[in-house]
Amino acid sequence: MKSPLLSVENLSVTFNHQQKVVDDLSFAIYPGETFALVGESGSGKSITALSVLRLLPNNAKINAEAISLQGDNLLKRTEFELCKIRGRRIGLIFQDPMSSLNPVMTIGSQIEEVLDIHFSLSKAASKARVLELLQQVEIPNPEKRLKDYPHQLSGGQRQRVMIAIALAGEPELLIADEPTTSLDVTIQAQILALLKNIQQQTGMALWLISHDLALVSTIADRVAVMQKGKIVETGLPQSVFNNPQHPYTRKLIAALPSINSCLNHSYQEKHPLLQVNNFSCYYPIRKGLFKRIVDYVRAVDDVSFEIQQGKTLALVGESGCGKTTLGKSLLNLIPSSGGRVTINGITLNELTGEDLRQQRANIQIVFQDPFSSMNPRMLVGDIIAEGIKALHPSVNEAERNSLVQELLQQVDLPADSALRYPHEFSGGQRQRICIARALAVNPKLIVCDEPTSALDVSVQAQIIKLLKSLQEQKGISYLFITHDLSVVAEIADEVAVMYQGKIIEHGTAEQVLTKPKQAYTQKLLNAVPVLENN
């Protein structure tokens, strides 16, 4: 039998000498295998991975018999010695690319930095290797993107850059912490195929941390299910997912969304709330000494659709197709290049100043990354109340506080959440806070930009249930931007498929998801991972 590449024996992690988040954990990962650790947000998955590399904050205490890499106990290594292992022998793909990438360094420089630290390459060889890595992770036009900064890339493209940085060190073990969270289904399939291909070529082991059970079932050799700091079930994917033994595993599987759920939707026409006509958003391409405009990136190109009152339109498509740009430009957060956006008969993109500010109460947005969309120095209560102060100044402080408590109750958060900071909450709880903030000004329409992409299946199910419940109670309409077609089936009344800035297919959820007319839509549906028993 093979010797393990990584062996973790009786690992426990305690914060502030009292809160145990990892409890007596033992497991091994073997050369060339894919080991998946799955569980809900807050179960201790990421903390376990960070413990192996000793990347935890100062208030965390690690206790373990050993954490061994090919027999070498990492707990006995100095910080200087660990720096030679991190990024070289063990690579790590972090969950949130935007907060993990350096915002003031180009993506080419950040990949090159890894090569400079761990390899002795010439400048030309280093640049060639950077280009090769960007091509491997499917970054379009890599030669042109070398000098781009992280904010100039889409969420999915940033994640691909993170993967390229992790692969640059040619590690023996790659720890992938939710590596495909922000990727659309087709690119997700390509990235997984890429990682599998690299494994076969190099013998690299892959430790996959994920809440996506369907994805795990397609790639993992072994699966361990984690709950409250403990591994409660482990085995082959077929055994764990087709015949789960632990109640917690059964609960996770039951929470999985299904494409077939769109068959249960009854569809009735209602009055249009939002009407978008021939809408475009172009970015100029400037070249030469005087930076003259030579062409445009047509991020959103002559798009038309409407959203009915109390209905949900899902906007789906691959990363970089223009979904988020469309969502932001509808709210005038990004300037449009043409067309009309009308809500209740008022043309939004013709408004300026105070008139536009007042209309912001009618249309709100829930961003993809809840943590970076909140001020980390503000209390949650103040974050939720901020919109009320700005758009409804006649509401006094006592009424505002009462509204905040009511909103927290509506999104199933405890009352004392108002007196805590965003970093004190899990990912799912932060997203609930952002939903409460959007609801605070009584909007008619909420643009939901990938609101469940970073959430585990059970929390995702809760957020979907919450959004549907709020829609029934308040008659809110949603523009639901996502790449997860299974989630679309659960929540959407209508679906619009976007490709290269244009809407190429539009219909009811049942029509688009079960009888697609376009080959591109069929390609998206074919790439959706599913459990074998689903």
# chains A, B, ... in the order shown; residues from 1 in each chain; ligands from 1
>>> residues_around(residues="region 333-340 of chain A", least_positions_apart="3", cutoff="7 Å", atoms="only C-alpha atoms", output="PyMOL selection string")
chain A and resi 276-282+328-329+347+349
>>> residues_around(residues="Ile384 (chain A)", least_positions_apart="6", cutoff="9 Å", atoms="only C-alpha atoms", output="PyMOL selection string")
chain A and resi 404+407+418+433-434+436-440
>>> select_by_dssp(residues="region 120-203 of chain A", states="strand (DSSP E)", output="list in words")
Leu173, Leu174, Ile175, Ala176 and Asp177 of chain A
>>> write_last_selection(atoms="C-alpha atoms", output="PDB file, in the first residue's frame")
ATOM      1  CA  LEU A 173      -0.356  18.636  -3.045  1.00  0.00           C
ATOM      2  CA  LEU A 174      -2.838  21.237  -4.211  1.00  0.00           C
ATOM      3  CA  ILE A 175      -5.373  22.387  -1.610  1.00  0.00           C
ATOM      4  CA  ALA A 176      -8.349  23.784  -3.490  1.00  0.00           C
ATOM      5  CA  ASP A 177     -10.710  25.659  -1.156  1.00  0.00           C
TER       6      ASP A 177
END
>>> select_by_dssp(residues="region 195-276 of chain A", states="helix (DSSP H, G or I)", output="VMD selection string")
chain A and resid 195 to 202 213 to 219 237 to 242 247 to 254 259 to 264
>>> residues_around(residues="region 494-507 of chain A", least_positions_apart="2", cutoff="9 Å", atoms="only C-alpha atoms", output="ChimeraX atom specification")
/A:267,280-281,298-305,307,311-318,320-323,326,488,492,509-513,516-518,520-521
>>> write_last_selection(atoms="N, CA, C and O atoms", output="short mmCIF file (atom, residue, chain, number, x, y, z; two decimals), in the first residue's frame")
data_model
loop_
_atom_site.label_atom_id
_atom_site.label_comp_id
_atom_site.auth_asym_id
_atom_site.auth_seq_id
_atom_site.Cartn_x
_atom_site.Cartn_y
_atom_site.Cartn_z
N TYR A 267 -47.15 29.26 -14.14
CA TYR A 267 -46.77 30.57 -14.67
C TYR A 267 -48.01 31.35 -15.08
O TYR A 267 -48.85 30.86 -15.84
N SER A 280 -27.48 48.96 -24.08
CA SER A 280 -26.09 48.62 -24.38
C SER A 280 -25.15 49.23 -23.36
O SER A 280 -25.45 50.27 -22.76
N CYS A 281 -24.02 48.56 -23.18
CA CYS A 281 -22.95 49.09 -22.32
C CYS A 281 -21.62 48.72 -22.97
O CYS A 281 -21.26 47.54 -23.01
N ARG A 298 -18.00 45.26 -26.33
CA ARG A 298 -19.46 45.32 -26.25
C ARG A 298 -19.95 44.37 -25.15
O ARG A 298 -20.40 43.27 -25.43
N ALA A 299 -19.81 44.83 -23.90
CA ALA A 299 -20.15 43.99 -22.75
C ALA A 299 -21.64 43.66 -22.71
O ALA A 299 -22.03 42.54 -22.39
N VAL A 300 -22.48 44.65 -23.02
CA VAL A 300 -23.93 44.45 -23.15
C VAL A 300 -24.31 45.08 -24.48
O VAL A 300 -24.05 46.26 -24.71
N ASP A 301 -24.94 44.29 -25.37
CA ASP A 301 -25.11 44.73 -26.75
C ASP A 301 -26.57 44.59 -27.20
O ASP A 301 -27.04 43.50 -27.52
N ASP A 302 -27.30 45.71 -27.16
CA ASP A 302 -28.66 45.80 -27.70
C ASP A 302 -29.60 44.76 -27.06
O ASP A 302 -30.23 43.96 -27.74
N VAL A 303 -29.69 44.83 -25.73
CA VAL A 303 -30.49 43.86 -24.96
C VAL A 303 -31.87 44.42 -24.65
O VAL A 303 -32.00 45.59 -24.27
N SER A 304 -32.89 43.58 -24.79
CA SER A 304 -34.26 43.98 -24.44
C SER A 304 -34.95 42.85 -23.67
O SER A 304 -34.82 41.68 -24.03
N PHE A 305 -35.64 43.21 -22.59
CA PHE A 305 -36.43 42.24 -21.81
C PHE A 305 -37.31 43.01 -20.84
O PHE A 305 -37.18 44.24 -20.70
N ILE A 307 -39.33 42.54 -16.75
CA ILE A 307 -39.56 41.76 -15.53
C ILE A 307 -40.92 42.15 -14.99
O ILE A 307 -41.20 43.33 -14.79
N LYS A 311 -42.37 38.73 -9.97
CA LYS A 311 -41.80 37.59 -10.69
C LYS A 311 -40.27 37.64 -10.64
O LYS A 311 -39.66 38.66 -10.32
N THR A 312 -39.67 36.51 -10.98
CA THR A 312 -38.20 36.39 -11.00
C THR A 312 -37.74 36.04 -12.40
O THR A 312 -38.17 35.03 -12.97
N LEU A 313 -36.87 36.89 -12.94
CA LEU A 313 -36.20 36.59 -14.20
C LEU A 313 -34.77 36.21 -13.88
O LEU A 313 -34.03 36.99 -13.27
N ALA A 314 -34.37 35.00 -14.27
CA ALA A 314 -32.99 34.56 -14.08
C ALA A 314 -32.18 34.88 -15.32
O ALA A 314 -32.59 34.57 -16.45
N LEU A 315 -31.04 35.51 -15.12
CA LEU A 315 -30.12 35.84 -16.21
C LEU A 315 -28.92 34.92 -16.08
O LEU A 315 -28.17 34.99 -15.10
N VAL A 316 -28.74 34.01 -17.05
CA VAL A 316 -27.69 32.99 -16.94
C VAL A 316 -26.75 33.09 -18.13
O VAL A 316 -27.08 33.61 -19.19
N GLY A 317 -25.55 32.56 -17.93
CA GLY A 317 -24.54 32.57 -18.98
C GLY A 317 -23.17 32.39 -18.36
O GLY A 317 -23.01 32.40 -17.14
N GLU A 318 -22.18 32.24 -19.20
CA GLU A 318 -20.82 32.00 -18.72
C GLU A 318 -20.20 33.27 -18.14
O GLU A 318 -20.65 34.38 -18.40
N GLY A 320 -18.07 36.41 -17.80
CA GLY A 320 -17.61 37.36 -18.81
C GLY A 320 -18.60 37.62 -19.92
O GLY A 320 -18.30 38.39 -20.84
N CYS A 321 -19.82 37.05 -19.83
CA CYS A 321 -20.80 37.25 -20.91
C CYS A 321 -21.53 38.58 -20.77
O CYS A 321 -22.25 38.99 -21.69
N GLY A 322 -21.38 39.27 -19.63
CA GLY A 322 -21.99 40.59 -19.45
C GLY A 322 -23.12 40.63 -18.44
O GLY A 322 -23.78 41.67 -18.29
N LYS A 323 -23.35 39.52 -17.71
CA LYS A 323 -24.49 39.46 -16.76
C LYS A 323 -24.38 40.54 -15.68
O LYS A 323 -25.31 41.31 -15.46
N LEU A 326 -24.59 44.13 -16.96
CA LEU A 326 -25.98 44.50 -17.21
C LEU A 326 -26.69 44.86 -15.91
O LEU A 326 -27.37 45.90 -15.83
N VAL A 488 -31.50 28.15 -10.59
CA VAL A 488 -32.46 28.82 -11.48
C VAL A 488 -33.78 28.06 -11.50
O VAL A 488 -34.87 28.64 -11.41
N ALA A 492 -36.70 30.64 -10.46
CA ALA A 492 -37.05 31.52 -11.58
C ALA A 492 -38.41 31.22 -12.18
O ALA A 492 -38.82 30.06 -12.28
N ALA A 509 -39.09 29.26 -17.30
CA ALA A 509 -38.04 28.38 -16.77
C ALA A 509 -38.18 26.97 -17.34
O ALA A 509 -37.19 26.34 -17.73
N GLU A 510 -39.40 26.48 -17.41
CA GLU A 510 -39.62 25.13 -17.92
C GLU A 510 -39.23 25.02 -19.39
O GLU A 510 -38.59 24.04 -19.80
N GLN A 511 -39.58 26.02 -20.20
CA GLN A 511 -39.23 25.99 -21.62
C GLN A 511 -37.72 25.97 -21.84
O GLN A 511 -37.19 25.15 -22.60
N VAL A 512 -37.02 26.87 -21.15
CA VAL A 512 -35.57 27.03 -21.39
C VAL A 512 -34.78 25.86 -20.81
O VAL A 512 -33.82 25.38 -21.43
N LEU A 513 -35.18 25.38 -19.62
CA LEU A 513 -34.38 24.35 -18.94
C LEU A 513 -34.70 22.93 -19.40
O LEU A 513 -33.89 22.02 -19.20
N PRO A 516 -34.58 23.51 -24.48
CA PRO A 516 -33.81 24.66 -25.00
C PRO A 516 -33.78 24.67 -26.53
O PRO A 516 -33.69 23.62 -27.17
N LYS A 517 -33.84 25.87 -27.09
CA LYS A 517 -33.80 26.00 -28.55
C LYS A 517 -32.38 26.23 -29.08
O LYS A 517 -32.07 25.89 -30.21
N GLN A 518 -31.53 26.82 -28.24
CA GLN A 518 -30.18 27.17 -28.67
C GLN A 518 -29.17 26.10 -28.25
O GLN A 518 -29.26 25.56 -27.14
N TYR A 520 -26.15 26.63 -27.42
CA TYR A 520 -25.38 27.15 -26.28
C TYR A 520 -26.08 26.84 -24.96
O TYR A 520 -25.44 26.45 -23.98
N THR A 521 -27.41 27.00 -24.94
CA THR A 521 -28.18 26.67 -23.73
C THR A 521 -28.05 25.19 -23.41
O THR A 521 -27.88 24.80 -22.24
#
>>> closest_residue(among="A:Tyr296, A:Phe35, A:Phe425, A:Phe241", to="Val530 (chain A)", atoms="only C-alpha atoms")
A:Phe241
>>> closest_residue(among="A:Ile198, A:Leu131, A:Ile139, A:Leu274", to="Gly345 (chain A)", atoms="only C-alpha atoms")
A:Leu274
>>> residues_around(residues="region 454-462 of chain A", least_positions_apart="5", cutoff="8 Å", atoms="only C-alpha atoms", output="list in words")
Gly39, Glu40, Ser41, Thr181, Ser182, His211, Asp212, Lys251, Leu252, Ala255, Leu256, Pro257, Asp369, Gly427 and Gly428 of chain A
>>> residues_around(residues="Gly155 (chain A)", least_positions_apart="4", cutoff="9 Å", atoms="only C-alpha atoms", output="list in words")
Pro97, Met98, His151, Gln159, Arg160, Ser182, Leu183, Ser319, Gly320 and Gln368 of chain A
>>> write_last_selection(atoms="C-alpha atoms", output="PDB file, in the first residue's frame")
ATOM      1  CA  PRO A  97     -10.064  35.604  -5.217  1.00  0.00           C
ATOM      2  CA  MET A  98     -10.783  39.331  -4.903  1.00  0.00           C
ATOM      3  CA  HIS A 151     -10.635  44.493 -10.672  1.00  0.00           C
ATOM      4  CA  GLN A 159     -10.605  32.560  -9.706  1.00  0.00           C
ATOM      5  CA  ARG A 160      -8.760  31.200 -12.723  1.00  0.00           C
ATOM      6  CA  SER A 182     -17.538  31.673  -8.833  1.00  0.00           C
ATOM      7  CA  LEU A 183     -17.159  29.772 -12.112  1.00  0.00           C
ATOM      8  CA  SER A 319     -18.383  34.189 -16.832  1.00  0.00           C
ATOM      9  CA  GLY A 320     -17.606  37.358 -18.808  1.00  0.00           C
ATOM     10  CA  GLN A 368     -21.919  38.523  -5.350  1.00  0.00           C
TER      11      GLN A 368
END
>>> atom_distance(atom1="CA of Val8 (chain A)", atom2="CA of Phe27 (chain A)")
5.4 Å
>>> atom_distance(atom1="CA of Ser372 (chain A)", atom2="CA of Ala489 (chain A)")
27.9 Å
>>> closest_residue(among="A:Ile231, A:Leu6, A:Ile446, A:Ile165", to="Val22 (chain A)", atoms="only C-alpha atoms")
A:Ile231
>>> closest_residue(among="A:Gln227, A:Ser261, A:Ser373, A:Thr342", to="His246 (chain A)", atoms="only C-alpha atoms")
A:Gln227
>>> residues_around(residues="Ile388 (chain A)", least_positions_apart="2", cutoff="10 Å", atoms="only C-alpha atoms", output="list in words")
Ala361, Asp382, Ile383, Ile384, Ala385, Glu386, Ala390, Leu391, His392, Pro393, Ser394, Val395, Asn396, Arg400, Leu403, Val404, Arg437, Leu439, Ala440, Val441 and Asn442 of chain A
>>> closest_residue(among="A:Gln405, A:Leu37, A:Glu172, A:Phe15", to="Leu69 (chain A)", atoms="only C-alpha atoms")
A:Glu172
>>> closest_residue(among="A:Leu101, A:Asn401, A:Asp221, A:Glu79", to="Asp416 (chain A)", atoms="only C-alpha atoms")
A:Asn401
>>> residues_around(residues="Ser68 (chain A)", least_positions_apart="3", cutoff="8 Å", atoms="only C-alpha atoms", output="number ranges by chain")
A: 5-8, 71-74
>>> write_last_selection(atoms="N, CA, C and O atoms", output="compact mmCIF listing (two decimals), in the first residue's frame")
# COMPACT_ATOMS: atom_id res chain seq x y z
N LEU A 5 0.86 10.89 1.32
CA LEU A 5 1.59 12.13 1.04
C LEU A 5 1.42 13.08 2.21
O LEU A 5 2.38 13.66 2.72
N LEU A 6 0.17 13.23 2.67
CA LEU A 6 -0.12 14.08 3.83
C LEU A 6 -0.87 13.24 4.86
O LEU A 6 -1.82 12.54 4.53
N SER A 7 -0.42 13.31 6.10
CA SER A 7 -1.07 12.59 7.18
C SER A 7 -1.36 13.55 8.33
O SER A 7 -0.45 14.24 8.81
N VAL A 8 -2.62 13.62 8.72
CA VAL A 8 -3.04 14.48 9.84
C VAL A 8 -3.54 13.59 10.96
O VAL A 8 -4.45 12.78 10.75
N GLY A 71 6.19 12.09 5.70
CA GLY A 71 6.94 11.74 6.91
C GLY A 71 7.59 12.92 7.61
O GLY A 71 8.12 12.76 8.72
N ASP A 72 7.56 14.11 7.01
CA ASP A 72 8.17 15.30 7.60
C ASP A 72 7.11 16.05 8.41
O ASP A 72 6.14 16.56 7.84
N ASN A 73 7.26 16.08 9.74
CA ASN A 73 6.26 16.71 10.61
C ASN A 73 6.35 18.24 10.48
O ASN A 73 7.30 18.87 10.94
N LEU A 74 5.34 18.83 9.86
CA LEU A 74 5.34 20.27 9.61
C LEU A 74 5.23 21.08 10.89
O LEU A 74 5.62 22.26 10.92
